[in-house]
file target_24.cif (mmCIF, C-alpha atoms and all ligand atoms)
data_protein
#
loop_
_atom_site.group_PDB
_atom_site.id
_atom_site.type_symbol
_atom_site.label_atom_id
_atom_site.label_comp_id
_atom_site.auth_asym_id
_atom_site.auth_seq_id
_atom_site.Cartn_x
_atom_site.Cartn_y
_atom_site.Cartn_z
ATOM 1 C CA MET D 18 -152.573 43.747 58.249
ATOM 2 C CA THR D 19 -153.466 43.442 61.889
ATOM 3 C CA ALA D 20 -150.918 42.429 64.496
ATOM 4 C CA GLN D 21 -151.229 39.031 66.126
ATOM 5 C CA PRO D 22 -151.576 39.036 69.916
ATOM 6 C CA ALA D 23 -148.283 38.468 71.750
ATOM 7 C CA GLN D 24 -149.242 38.948 75.388
ATOM 8 C CA GLN D 25 -151.960 37.592 77.687
ATOM 9 C CA ILE D 26 -154.284 39.878 79.548
ATOM 10 C CA PRO D 27 -153.195 40.007 83.223
ATOM 11 C CA GLY D 28 -153.390 36.876 85.369
ATOM 12 C CA VAL D 29 -156.328 37.557 87.671
ATOM 13 C CA TYR D 30 -159.243 35.270 88.543
ATOM 14 C CA HIS D 31 -162.032 35.658 91.118
ATOM 15 C CA ARG D 32 -163.728 32.798 92.981
ATOM 16 C CA LYS D 33 -166.611 33.227 95.380
ATOM 17 C CA ILE D 34 -166.672 31.204 98.607
ATOM 18 C CA GLY D 35 -170.008 31.989 100.286
ATOM 19 C CA ASP D 36 -169.842 35.721 101.084
ATOM 20 C CA ILE D 37 -166.088 35.887 100.568
ATOM 21 C CA VAL D 38 -164.381 36.571 97.247
ATOM 22 C CA VAL D 39 -160.925 35.130 96.681
ATOM 23 C CA THR D 40 -158.872 36.599 93.829
ATOM 24 C CA ALA D 41 -156.045 34.523 92.400
ATOM 25 C CA ILE D 42 -153.168 36.769 91.326
ATOM 26 C CA SER D 43 -150.456 35.331 89.113
ATOM 27 C CA ASP D 44 -146.867 36.194 90.023
ATOM 28 C CA GLY D 45 -145.674 34.409 86.871
ATOM 29 C CA TYR D 46 -143.723 31.179 86.664
ATOM 30 C CA LEU D 47 -140.324 29.699 87.412
ATOM 31 C CA ASP D 48 -138.704 27.106 85.153
ATOM 32 C CA GLY D 49 -136.326 24.626 86.687
ATOM 33 C CA ASN D 50 -135.078 21.069 86.410
ATOM 34 C CA LEU D 51 -136.066 17.929 88.255
ATOM 35 C CA ASP D 52 -132.771 17.462 90.108
ATOM 36 C CA VAL D 53 -134.256 19.310 93.085
ATOM 37 C CA MET D 54 -136.859 16.573 93.575
ATOM 38 C CA ARG D 55 -136.315 14.028 96.344
ATOM 39 C CA ASN D 56 -137.769 10.583 97.138
ATOM 40 C CA VAL D 57 -138.667 10.030 93.505
ATOM 41 C CA ASP D 58 -136.775 8.602 90.569
ATOM 42 C CA VAL D 59 -136.021 11.513 88.229
ATOM 43 C CA GLU D 60 -136.892 9.446 85.132
ATOM 44 C CA GLN D 61 -140.237 8.516 86.648
ATOM 45 C CA ALA D 62 -140.924 12.164 87.448
ATOM 46 C CA ARG D 63 -139.999 13.139 83.895
ATOM 47 C CA GLN D 64 -142.380 10.503 82.526
ATOM 48 C CA LEU D 65 -145.252 11.749 84.722
ATOM 49 C CA LEU D 66 -144.717 15.251 83.341
ATOM 50 C CA ARG D 67 -144.534 13.939 79.762
ATOM 51 C CA ASP D 68 -147.776 12.008 80.328
ATOM 52 C CA ALA D 69 -149.392 15.296 81.403
ATOM 53 C CA PHE D 70 -148.020 17.087 78.297
ATOM 54 C CA ARG D 71 -145.664 19.129 80.462
ATOM 55 C CA PRO D 72 -142.190 18.573 79.071
ATOM 56 C CA ALA D 73 -140.401 20.659 81.711
ATOM 57 C CA ARG D 74 -140.694 21.611 85.369
ATOM 58 C CA ARG D 75 -142.571 24.855 85.075
ATOM 59 C CA THR D 76 -143.688 26.100 88.477
ATOM 60 C CA ASN D 77 -146.482 28.642 88.566
ATOM 61 C CA VAL D 78 -146.337 31.138 91.416
ATOM 62 C CA ASN D 79 -149.638 32.487 92.736
ATOM 63 C CA ALA D 80 -150.865 34.782 95.472
ATOM 64 C CA PHE D 81 -154.464 35.170 96.642
ATOM 65 C CA VAL D 82 -156.408 38.211 97.791
ATOM 66 C CA ILE D 83 -159.228 37.529 100.255
ATOM 67 C CA HIS D 84 -162.082 40.038 100.326
ATOM 68 C CA SER D 85 -164.034 39.407 103.520
ATOM 69 C CA LYS D 86 -166.285 41.559 105.704
ATOM 70 C CA GLY D 87 -165.164 44.814 104.072
ATOM 71 C CA ARG D 88 -161.492 44.036 104.553
ATOM 72 C CA SER D 89 -158.832 42.582 102.308
ATOM 73 C CA ALA D 90 -155.877 40.322 102.936
ATOM 74 C CA ILE D 91 -153.308 38.894 100.581
ATOM 75 C CA VAL D 92 -151.922 35.404 101.067
ATOM 76 C CA ASP D 93 -148.249 35.566 100.026
ATOM 77 C CA THR D 94 -146.672 38.254 97.886
ATOM 78 C CA GLY D 95 -144.849 36.510 95.030
ATOM 79 C CA SER D 96 -141.141 36.612 94.326
ATOM 80 C CA GLY D 97 -140.402 40.302 93.783
ATOM 81 C CA ASN D 98 -137.168 40.568 91.813
ATOM 82 C CA TYR D 99 -135.295 37.808 93.661
ATOM 83 C CA LEU D 100 -135.700 34.870 91.285
ATOM 84 C CA LEU D 101 -136.344 34.938 87.533
ATOM 85 C CA PRO D 102 -137.657 37.624 85.140
ATOM 86 C CA THR D 103 -140.630 35.343 84.358
ATOM 87 C CA ALA D 104 -142.034 36.015 87.851
ATOM 88 C CA GLY D 105 -142.512 39.004 90.116
ATOM 89 C CA PHE D 106 -145.787 40.306 88.681
ATOM 90 C CA VAL D 107 -147.988 40.417 91.784
ATOM 91 C CA GLN D 108 -148.022 44.227 92.045
ATOM 92 C CA ARG D 109 -148.679 44.646 88.329
ATOM 93 C CA ASN D 110 -151.536 42.133 88.363
ATOM 94 C CA LEU D 111 -153.034 43.602 91.542
ATOM 95 C CA ALA D 112 -153.153 46.977 89.778
ATOM 96 C CA ALA D 113 -154.731 45.357 86.716
ATOM 97 C CA ALA D 114 -157.385 43.844 88.998
ATOM 98 C CA GLY D 115 -158.136 47.305 90.391
ATOM 99 C CA ILE D 116 -156.814 46.313 93.813
ATOM 100 C CA ASP D 117 -154.789 49.058 95.514
ATOM 101 C CA ALA D 118 -151.931 47.550 97.530
ATOM 102 C CA LYS D 119 -152.561 50.306 100.086
ATOM 103 C CA SER D 120 -156.030 48.882 100.722
ATOM 104 C CA ILE D 121 -154.670 45.506 101.852
ATOM 105 C CA ASP D 122 -154.763 45.480 105.648
ATOM 106 C CA THR D 123 -153.258 42.042 106.273
ATOM 107 C CA VAL D 124 -150.555 39.982 104.609
ATOM 108 C CA LEU D 125 -150.866 36.309 105.523
ATOM 109 C CA LEU D 126 -147.691 34.373 104.787
ATOM 110 C CA THR D 127 -147.696 30.639 104.207
ATOM 111 C CA HIS D 128 -143.942 30.700 104.870
ATOM 112 C CA MET D 129 -140.814 32.825 104.432
ATOM 113 C CA HIS D 130 -139.423 31.479 101.157
ATOM 114 C CA PRO D 131 -138.527 34.073 98.483
ATOM 115 C CA ASP D 132 -141.311 33.090 96.052
ATOM 116 C CA HIS D 133 -143.786 33.946 98.851
ATOM 117 C CA SER D 134 -142.250 36.722 100.930
ATOM 118 C CA ALA D 135 -139.968 38.562 98.481
ATOM 119 C CA GLY D 136 -142.849 40.742 97.301
ATOM 120 C CA LEU D 137 -143.226 42.355 100.736
ATOM 121 C CA THR D 138 -140.639 45.110 100.408
ATOM 122 C CA ASP D 139 -139.040 47.162 97.640
ATOM 123 C CA MET D 140 -135.365 46.814 98.500
ATOM 124 C CA SER D 141 -134.356 49.752 96.288
ATOM 125 C CA ASN D 142 -135.807 52.107 98.900
ATOM 126 C CA GLY D 143 -136.667 49.785 101.809
ATOM 127 C CA GLU D 144 -140.366 50.632 101.557
ATOM 128 C CA ARG D 145 -143.204 48.253 102.285
ATOM 129 C CA LEU D 146 -145.127 47.305 99.138
ATOM 130 C CA PHE D 147 -148.200 46.805 101.349
ATOM 131 C CA PRO D 148 -147.743 50.016 103.356
ATOM 132 C CA ASN D 149 -150.851 49.707 105.523
ATOM 133 C CA ALA D 150 -150.770 45.981 106.174
ATOM 134 C CA GLU D 151 -149.863 44.028 109.226
ATOM 135 C CA LEU D 152 -147.886 40.865 108.559
ATOM 136 C CA ALA D 153 -149.254 37.631 110.022
ATOM 137 C CA MET D 154 -147.439 34.310 109.992
ATOM 138 C CA HIS D 155 -146.819 31.206 112.069
ATOM 139 C CA GLU D 156 -144.478 31.885 114.989
ATOM 140 C CA ASN D 157 -142.078 29.133 113.846
ATOM 141 C CA GLU D 158 -141.217 31.000 110.644
ATOM 142 C CA PRO D 159 -139.260 33.973 112.050
ATOM 143 C CA LYS D 160 -138.046 31.722 114.878
ATOM 144 C CA HIS D 161 -136.325 29.518 112.294
ATOM 145 C CA TRP D 162 -135.208 32.038 109.661
ATOM 146 C CA PHE D 163 -133.806 34.450 112.265
ATOM 147 C CA ASP D 164 -131.927 31.629 114.010
ATOM 148 C CA ASP D 165 -128.221 32.348 113.425
ATOM 149 C CA GLY D 166 -127.291 28.785 114.400
ATOM 150 C CA ALA D 167 -129.619 27.322 111.751
ATOM 151 C CA MET D 168 -128.263 29.796 109.211
ATOM 152 C CA ALA D 169 -124.678 28.825 110.004
ATOM 153 C CA ARG D 170 -125.543 25.186 109.255
ATOM 154 C CA ALA D 171 -127.161 26.020 105.887
ATOM 155 C CA ASP D 172 -125.349 25.976 102.548
ATOM 156 C CA GLU D 173 -124.466 29.278 100.853
ATOM 157 C CA ARG D 174 -127.471 29.278 98.552
ATOM 158 C CA SER D 175 -129.958 28.673 101.382
ATOM 159 C CA LYS D 176 -128.225 31.215 103.557
ATOM 160 C CA LYS D 177 -128.596 33.930 100.925
ATOM 161 C CA LEU D 178 -131.911 32.984 99.295
ATOM 162 C CA TYR D 179 -133.843 31.786 102.342
ATOM 163 C CA PHE D 180 -132.370 33.162 105.550
ATOM 164 C CA LEU D 181 -131.030 36.575 104.484
ATOM 165 C CA ALA D 182 -133.677 37.269 101.829
ATOM 166 C CA GLY D 183 -136.458 36.393 104.269
ATOM 167 C CA ARG D 184 -134.982 38.552 107.012
ATOM 168 C CA GLU D 185 -134.595 41.671 104.866
ATOM 169 C CA GLN D 186 -138.098 41.311 103.408
ATOM 170 C CA VAL D 187 -139.956 41.021 106.740
ATOM 171 C CA GLU D 188 -137.779 43.550 108.613
ATOM 172 C CA PRO D 189 -139.806 46.670 107.578
ATOM 173 C CA TYR D 190 -142.906 44.975 109.069
ATOM 174 C CA ARG D 191 -141.241 44.242 112.403
ATOM 175 C CA ASP D 192 -143.438 46.635 114.429
ATOM 176 C CA ARG D 193 -146.597 45.356 112.727
ATOM 177 C CA THR D 194 -146.056 41.601 112.750
ATOM 178 C CA ARG D 195 -148.576 39.276 114.349
ATOM 179 C CA LEU D 196 -147.471 35.724 115.053
ATOM 180 C CA PHE D 197 -149.956 32.882 115.332
ATOM 181 C CA THR D 198 -149.933 29.144 115.923
ATOM 182 C CA LYS D 199 -153.443 28.295 114.693
ATOM 183 C CA GLY D 200 -157.033 29.534 114.812
ATOM 184 C CA GLU D 201 -158.888 32.334 113.003
ATOM 185 C CA VAL D 202 -156.349 34.821 111.616
ATOM 186 C CA PHE D 203 -158.640 36.960 109.430
ATOM 187 C CA PRO D 204 -162.463 37.057 109.166
ATOM 188 C CA GLY D 205 -163.498 33.648 107.787
ATOM 189 C CA VAL D 206 -159.893 32.437 107.511
ATOM 190 C CA THR D 207 -158.398 29.776 109.772
ATOM 191 C CA ALA D 208 -154.687 28.942 109.911
ATOM 192 C CA VAL D 209 -154.000 25.253 109.320
ATOM 193 C CA PRO D 210 -150.369 24.530 110.250
ATOM 194 C CA SER D 211 -148.875 22.057 107.775
ATOM 195 C CA THR D 212 -145.255 22.054 108.823
ATOM 196 C CA GLY D 213 -142.352 20.267 107.201
ATOM 197 C CA HIS D 214 -141.712 22.194 103.995
ATOM 198 C CA THR D 215 -140.671 24.885 106.491
ATOM 199 C CA PRO D 216 -141.034 24.845 110.293
ATOM 200 C CA GLY D 217 -144.066 27.152 110.212
ATOM 201 C CA HIS D 218 -145.523 26.348 106.801
ATOM 202 C CA THR D 219 -149.251 27.084 107.035
ATOM 203 C CA ALA D 220 -152.313 26.500 104.881
ATOM 204 C CA PHE D 221 -155.367 28.752 105.195
ATOM 205 C CA LEU D 222 -158.923 27.406 105.260
ATOM 206 C CA ILE D 223 -161.528 29.887 104.062
ATOM 207 C CA ALA D 224 -165.095 29.149 105.100
ATOM 208 C CA SER D 225 -168.339 31.015 104.495
ATOM 209 C CA GLY D 226 -171.851 29.611 104.475
ATOM 210 C CA ASN D 227 -171.589 26.029 103.284
ATOM 211 C CA GLU D 228 -168.472 26.629 101.217
ATOM 212 C CA GLN D 229 -164.821 26.057 101.928
ATOM 213 C CA LEU D 230 -161.524 26.663 100.162
ATOM 214 C CA MET D 231 -158.169 25.353 101.349
ATOM 215 C CA ILE D 232 -155.283 27.529 100.177
ATOM 216 C CA TRP D 233 -152.719 24.820 100.758
ATOM 217 C CA GLY D 234 -149.509 26.813 100.233
ATOM 218 C CA ASP D 235 -146.611 24.648 99.117
ATOM 219 C CA THR D 236 -148.233 21.267 99.694
ATOM 220 C CA VAL D 237 -146.952 20.550 96.174
ATOM 221 C CA HIS D 238 -144.340 22.190 93.933
ATOM 222 C CA VAL D 239 -144.671 19.835 90.948
ATOM 223 C CA PRO D 240 -148.358 18.942 91.038
ATOM 224 C CA GLU D 241 -148.383 16.152 88.429
ATOM 225 C CA VAL D 242 -145.550 14.304 90.163
ATOM 226 C CA GLN D 243 -146.448 14.830 93.819
ATOM 227 C CA THR D 244 -150.133 13.952 93.505
ATOM 228 C CA ALA D 245 -149.132 10.684 91.822
ATOM 229 C CA ILE D 246 -146.269 10.077 94.293
ATOM 230 C CA PRO D 247 -147.102 11.858 97.573
ATOM 231 C CA GLU D 248 -143.737 10.883 99.129
ATOM 232 C CA ALA D 249 -141.913 12.985 96.525
ATOM 233 C CA GLY D 250 -140.447 16.129 98.012
ATOM 234 C CA MET D 251 -138.038 18.929 97.228
ATOM 235 C CA ALA D 252 -134.409 19.586 98.131
ATOM 236 C CA PHE D 253 -135.541 22.812 99.790
ATOM 237 C CA ASP D 254 -138.006 21.129 102.171
ATOM 238 C CA THR D 255 -136.599 21.963 105.604
ATOM 239 C CA ASP D 256 -137.708 18.513 106.816
ATOM 240 C CA LEU D 257 -138.353 16.167 103.890
ATOM 241 C CA ALA D 258 -140.052 13.438 105.957
ATOM 242 C CA ALA D 259 -142.297 15.857 107.867
ATOM 243 C CA ALA D 260 -143.221 17.600 104.601
ATOM 244 C CA ALA D 261 -144.337 14.244 103.152
ATOM 245 C CA VAL D 262 -146.419 13.470 106.259
ATOM 246 C CA ALA D 263 -148.043 16.919 106.037
ATOM 247 C CA ARG D 264 -148.678 16.487 102.301
ATOM 248 C CA LYS D 265 -150.386 13.112 102.804
ATOM 249 C CA ARG D 266 -152.473 14.458 105.693
ATOM 250 C CA MET D 267 -153.574 17.434 103.575
ATOM 251 C CA PHE D 268 -154.322 15.202 100.550
ATOM 252 C CA ASP D 269 -156.410 12.850 102.676
ATOM 253 C CA ARG D 270 -158.376 15.694 104.250
ATOM 254 C CA VAL D 271 -159.270 17.609 101.086
ATOM 255 C CA ALA D 272 -159.981 14.450 99.076
ATOM 256 C CA THR D 273 -162.125 12.885 101.807
ATOM 257 C CA ASP D 274 -164.137 16.048 102.425
ATOM 258 C CA GLY D 275 -164.201 17.210 98.774
ATOM 259 C CA ILE D 276 -162.738 20.592 99.752
ATOM 260 C CA LEU D 277 -161.876 22.956 96.904
ATOM 261 C CA VAL D 278 -158.148 23.731 96.939
ATOM 262 C CA ALA D 279 -155.908 26.486 95.655
ATOM 263 C CA GLY D 280 -152.126 26.517 95.817
ATOM 264 C CA MET D 281 -149.154 28.741 95.268
ATOM 265 C CA HIS D 282 -147.678 26.280 92.757
ATOM 266 C CA LEU D 283 -150.785 24.866 91.094
ATOM 267 C CA HIS D 284 -151.291 25.975 87.515
ATOM 268 C CA PHE D 285 -153.030 29.353 87.459
ATOM 269 C CA PRO D 286 -155.716 30.127 88.551
ATOM 270 C CA SER D 287 -155.334 26.909 90.507
ATOM 271 C CA PHE D 288 -158.834 26.255 91.892
ATOM 272 C CA SER D 289 -159.145 22.466 91.802
ATOM 273 C CA HIS D 290 -160.438 19.366 93.517
ATOM 274 C CA LEU D 291 -158.170 16.529 94.540
ATOM 275 C CA VAL D 292 -159.466 13.044 93.783
ATOM 276 C CA ARG D 293 -158.160 9.592 94.602
ATOM 277 C CA GLN D 294 -156.792 7.830 91.533
ATOM 278 C CA ARG D 295 -154.830 4.584 91.066
ATOM 279 C CA GLY D 296 -153.788 4.362 94.710
ATOM 280 C CA ALA D 297 -152.691 8.012 94.775
ATOM 281 C CA TYR D 298 -154.271 11.314 93.764
ATOM 282 C CA ALA D 299 -154.959 13.632 90.836
ATOM 283 C CA LEU D 300 -156.059 17.261 90.575
ATOM 284 C CA ILE D 301 -159.149 18.234 88.601
ATOM 285 C CA PRO D 302 -159.095 21.956 87.748
ATOM 286 C CA GLU D 303 -162.375 23.854 87.956
ATOM 287 C CA PRO D 304 -163.839 25.214 84.736
ATOM 288 C CA TRP D 305 -163.507 28.952 84.154
ATOM 289 C CA VAL D 306 -166.641 31.053 84.699
ATOM 290 C CA HIS D 307 -166.963 34.632 83.565
ATOM 291 C CA SER D 308 -169.314 35.980 86.227
ATOM 292 C CA LEU D 309 -169.347 35.591 89.988
ATOM 293 C CA ASP D 310 -173.153 35.715 89.941
ATOM 294 C CA GLY D 311 -173.381 32.088 88.861
ATOM 295 C CA MET D 312 -171.075 30.793 91.603
HETATM 296 ZN ZN ZN Z 401 -142.946 28.099 97.058
#
call {"tool": "encode", "arguments": {"input": "target_24.cif", "output": "structure tokens", "more": "lines below"}}
Ligand SMILES: [Zn+2]
result
Amino acid sequence: MTAQPAQQIPGVYHRKIGDIVVTAISDGYLDGNLDVMRNVDVEQARQLLRDAFRPARRTNVNAFVIHSKGRSAIVDTGSGNYLLPTAGFVQRNLAAAGIDAKSIDTVLLTHMHPDHSAGLTDMSNGERLFPNAELAMHENEPKHWFDDGAMARADERSKKLYFLAGREQVEPYRDRTRLFTKGEVFPGVTAVPSTGHTPGHTAFLIASGNEQLMIWGDTVHVPEVQTAIPEAGMAFDTDLAAAAVARKRMFDRVATDGILVAGMHLHFPSFSHLVRQRGAYALIPEPWVHSLDGM
């Protein structure tokens, strides 16, 4: 008798963009319900998921390592131990990929929500999980999440999970934080502000040679629903209307220019193209390839 497999090999996938290699690192997934969706009929959202053979709202969480010009950056850090036991695997999967967290010199944050920034610091000892990295993010992120007035207006859940969690996670990086508004933030990587989901929510465009990749952050949380209905947003969008405007602008840009996309909440490893379909959009995932030589 031989045992049947019960566990996947670690969630790691490399994609070459010109001279740059981008490694998708799975943090795991978060299951939730559709009540957090906004500007969409819940039954319609449920039907779109059923049509895609996805009976529940299962949200993948991804981070991306960028290897460029002898340096490495990570875009977002996963959810640490703040959310569900099905996520929080960034460090484990980095190790499996042979990537030493100490070798990462820059952490680029799309925004300060716990599924992105809660993997920055080990709160059991207050130590940085990327000990040699500077932290780079849009200046509106700390401006908002450290704003006591905004925190006072938030409900209890947001106060704890967004404001306080974000503050304690970025605090150990205070003396090594670089704030940006736009422009090149790492070799070959340009910040593309896409605000609305949060006040400083930022996508990152990676370009090398003739190739481009848009790591679009939280442009979508429920891909099947939001590509079909771009107005659909989430209860935790800081500004629902602005998030929808940003989503449509991003969709139009990557679909028009045929830019490869990756996202924190696209199904792992997430590399896909967005195409226009039936008056809206659909994502076409890239086929898996085993060797970077053929890319
Ligand atoms: Zn997120």
call {"tool": "residues_near_ligand", "arguments": {"input": "target_24.cif", "ligand": "ligand ZN 401 (chain Z)", "cutoff": "12 Å", "atoms": "only C-alpha atoms and all ligand atoms", "output": "PyMOL selection string"}}
result
chain D and resi 44+46-47+76-80+93-96+100+126-135+179+214-215+218-219+233-239+251+253-254+280-283
call {"tool": "write_last_selection", "arguments": {"input": "target_24.cif", "atoms": "C-alpha atoms", "output": "PDB file, in the frame of the given file"}}
result
ATOM      1  CA  ASP D  44    -146.867  36.194  90.023  1.00  0.00           C
ATOM      2  CA  TYR D  46    -143.723  31.179  86.664  1.00  0.00           C
ATOM      3  CA  LEU D  47    -140.324  29.699  87.412  1.00  0.00           C
ATOM      4  CA  THR D  76    -143.688  26.100  88.477  1.00  0.00           C
ATOM      5  CA  ASN D  77    -146.482  28.642  88.566  1.00  0.00           C
ATOM      6  CA  VAL D  78    -146.337  31.138  91.416  1.00  0.00           C
ATOM      7  CA  ASN D  79    -149.638  32.487  92.736  1.00  0.00           C
ATOM      8  CA  ALA D  80    -150.865  34.782  95.472  1.00  0.00           C
ATOM      9  CA  ASP D  93    -148.249  35.566 100.026  1.00  0.00           C
ATOM     10  CA  THR D  94    -146.672  38.254  97.886  1.00  0.00           C
ATOM     11  CA  GLY D  95    -144.849  36.510  95.030  1.00  0.00           C
ATOM     12  CA  SER D  96    -141.141  36.612  94.326  1.00  0.00           C
ATOM     13  CA  LEU D 100    -135.700  34.870  91.285  1.00  0.00           C
ATOM     14  CA  LEU D 126    -147.691  34.373 104.787  1.00  0.00           C
ATOM     15  CA  THR D 127    -147.696  30.639 104.207  1.00  0.00           C
ATOM     16  CA  HIS D 128    -143.942  30.700 104.870  1.00  0.00           C
ATOM     17  CA  MET D 129    -140.814  32.825 104.432  1.00  0.00           C
ATOM     18  CA  HIS D 130    -139.423  31.479 101.157  1.00  0.00           C
ATOM     19  CA  PRO D 131    -138.527  34.073  98.483  1.00  0.00           C
ATOM     20  CA  ASP D 132    -141.311  33.090  96.052  1.00  0.00           C
ATOM     21  CA  HIS D 133    -143.786  33.946  98.851  1.00  0.00           C
ATOM     22  CA  SER D 134    -142.250  36.722 100.930  1.00  0.00           C
ATOM     23  CA  ALA D 135    -139.968  38.562  98.481  1.00  0.00           C
ATOM     24  CA  TYR D 179    -133.843  31.786 102.342  1.00  0.00           C
ATOM     25  CA  HIS D 214    -141.712  22.194 103.995  1.00  0.00           C
ATOM     26  CA  THR D 215    -140.671  24.885 106.491  1.00  0.00           C
ATOM     27  CA  HIS D 218    -145.523  26.348 106.801  1.00  0.00           C
ATOM     28  CA  THR D 219    -149.251  27.084 107.035  1.00  0.00           C
ATOM     29  CA  TRP D 233    -152.719  24.820 100.758  1.00  0.00           C
ATOM     30  CA  GLY D 234    -149.509  26.813 100.233  1.00  0.00           C
ATOM     31  CA  ASP D 235    -146.611  24.648  99.117  1.00  0.00           C
ATOM     32  CA  THR D 236    -148.233  21.267  99.694  1.00  0.00           C
ATOM     33  CA  VAL D 237    -146.952  20.550  96.174  1.00  0.00           C
ATOM     34  CA  HIS D 238    -144.340  22.190  93.933  1.00  0.00           C
ATOM     35  CA  VAL D 239    -144.671  19.835  90.948  1.00  0.00           C
ATOM     36  CA  MET D 251    -138.038  18.929  97.228  1.00  0.00           C
ATOM     37  CA  PHE D 253    -135.541  22.812  99.790  1.00  0.00           C
ATOM     38  CA  ASP D 254    -138.006  21.129 102.171  1.00  0.00           C
ATOM     39  CA  GLY D 280    -152.126  26.517  95.817  1.00  0.00           C
ATOM     40  CA  MET D 281    -149.154  28.741  95.268  1.00  0.00           C
ATOM     41  CA  HIS D 282    -147.678  26.280  92.757  1.00  0.00           C
ATOM     42  CA  LEU D 283    -150.785  24.866  91.094  1.00  0.00           C
TER      43      LEU D 283
END
call {"tool": "resolve_selection", "arguments": {"input": "target_24.cif", "expression": "the PyMOL selection byres (((chain D and resi 182-186) around 9) and not hetatm)", "output": "ChimeraX atom specification"}}
result
/D:99,129-131,134-140,143,145,159,162-163,176-181,187-190
call {"tool": "residues_around", "arguments": {"input": "target_24.cif", "residues": "Asn149 (chain D)", "least_positions_apart": "4", "cutoff": "10 Å", "atoms": "only C-alpha atoms", "output": "PyMOL selection string"}}
result
chain D and resi 118-124+145+190+193
call {"tool": "write_last_selection", "arguments": {"input": "target_24.cif", "atoms": "C-alpha atoms", "output": "PDB file, in the frame of the given file"}}
result
ATOM      1  CA  ALA D 118    -151.931  47.550  97.530  1.00  0.00           C
ATOM      2  CA  LYS D 119    -152.561  50.306 100.086  1.00  0.00           C
ATOM      3  CA  SER D 120    -156.030  48.882 100.722  1.00  0.00           C
ATOM      4  CA  ILE D 121    -154.670  45.506 101.852  1.00  0.00           C
ATOM      5  CA  ASP D 122    -154.763  45.480 105.648  1.00  0.00           C
ATOM      6  CA  THR D 123    -153.258  42.042 106.273  1.00  0.00           C
ATOM      7  CA  VAL D 124    -150.555  39.982 104.609  1.00  0.00           C
ATOM      8  CA  ARG D 145    -143.204  48.253 102.285  1.00  0.00           C
ATOM      9  CA  TYR D 190    -142.906  44.975 109.069  1.00  0.00           C
ATOM     10  CA  ARG D 193    -146.597  45.356 112.727  1.00  0.00           C
TER      11      ARG D 193
END
call {"tool": "residues_around", "arguments": {"input": "target_24.cif", "residues": "Asp58 (chain D)", "least_positions_apart": "2", "cutoff": "12 Å", "atoms": "all atoms listed in the file", "output": "PDB file with C-alpha atoms, keeping the file's coordinate frame"}}
result
ATOM      1  CA  LEU D  51    -136.066  17.929  88.255  1.00  0.00           C
ATOM      2  CA  ASP D  52    -132.771  17.462  90.108  1.00  0.00           C
ATOM      3  CA  VAL D  53    -134.256  19.310  93.085  1.00  0.00           C
ATOM      4  CA  MET D  54    -136.859  16.573  93.575  1.00  0.00           C
ATOM      5  CA  ARG D  55    -136.315  14.028  96.344  1.00  0.00           C
ATOM      6  CA  ASN D  56    -137.769  10.583  97.138  1.00  0.00           C
ATOM      7  CA  GLU D  60    -136.892   9.446  85.132  1.00  0.00           C
ATOM      8  CA  GLN D  61    -140.237   8.516  86.648  1.00  0.00           C
ATOM      9  CA  ALA D  62    -140.924  12.164  87.448  1.00  0.00           C
ATOM     10  CA  ARG D  63    -139.999  13.139  83.895  1.00  0.00           C
ATOM     11  CA  GLN D  64    -142.380  10.503  82.526  1.00  0.00           C
ATOM     12  CA  LEU D  65    -145.252  11.749  84.722  1.00  0.00           C
ATOM     13  CA  VAL D 242    -145.550  14.304  90.163  1.00  0.00           C
ATOM     14  CA  GLN D 243    -146.448  14.830  93.819  1.00  0.00           C
ATOM     15  CA  ILE D 246    -146.269  10.077  94.293  1.00  0.00           C
ATOM     16  CA  GLU D 248    -143.737  10.883  99.129  1.00  0.00           C
ATOM     17  CA  ALA D 249    -141.913  12.985  96.525  1.00  0.00           C
ATOM     18  CA  GLY D 250    -140.447  16.129  98.012  1.00  0.00           C
TER      19      GLY D 250
END
call {"tool": "closest_residue", "arguments": {"input": "target_24.cif", "among": "D:Thr273, D:Thr207, D:Thr244, D:Thr198", "to": "Arg295 (chain D)", "atoms": "only C-alpha atoms"}}
result
D:Thr244
call {"tool": "closest_residue", "arguments": {"input": "target_24.cif", "among": "D:Gly35, D:Gly166, D:Gly97, D:Pro247", "to": "Gln229 (chain D)", "atoms": "only C-alpha atoms"}}
result
D:Gly35
call {"tool": "atom_distance", "arguments": {"input": "target_24.cif", "atom1": "CA of Leu111 (chain D)", "atom2": "CA of Ala41 (chain D)"}}
result
9.6 Å
call {"tool": "atom_distance", "arguments": {"input": "target_24.cif", "atom1": "CA of His284 (chain D)", "atom2": "CA of Asp117 (chain D)"}}
result
24.7 Å
call {"tool": "atom_distance", "arguments": {"input": "target_24.cif", "atom1": "CA of Ala167 (chain D)", "atom2": "CA of Phe197 (chain D)"}}
result
21.4 Å
call {"tool": "resolve_selection", "arguments": {"input": "target_24.cif", "expression": "the PyMOL selection byres (((chain D and resi 309) around 12) and not hetatm)", "output": "list of chain:residue names"}}
result
D:Tyr30, D:His31, D:Arg32, D:Lys33, D:Ile34, D:Gly35, D:Asp36, D:Ile37, D:Val38, D:Val39, D:Thr40, D:Trp305, D:Val306, D:His307, D:Ser308, D:Asp310, D:Gly311, D:Met312
call {"tool": "closest_residue", "arguments": {"input": "target_24.cif", "among": "D:Ala224, D:Gln108, D:Ala261, D:Ile26", "to": "Leu277 (chain D)", "atoms": "only C-alpha atoms"}}
result
D:Ala224
call {"tool": "closest_residue", "arguments": {"input": "target_24.cif", "among": "D:Leu300, D:Phe285, D:Val59, D:Ile42", "to": "Gly115 (chain D)", "atoms": "all atoms listed in the file"}}
result
D:Ile42
call {"tool": "closest_residue", "arguments": {"input": "target_24.cif", "among": "D:Ala90, D:Ile83, D:Val206, D:Val107", "to": "Gly45 (chain D)", "atoms": "all atoms listed in the file"}}
result
D:Val107
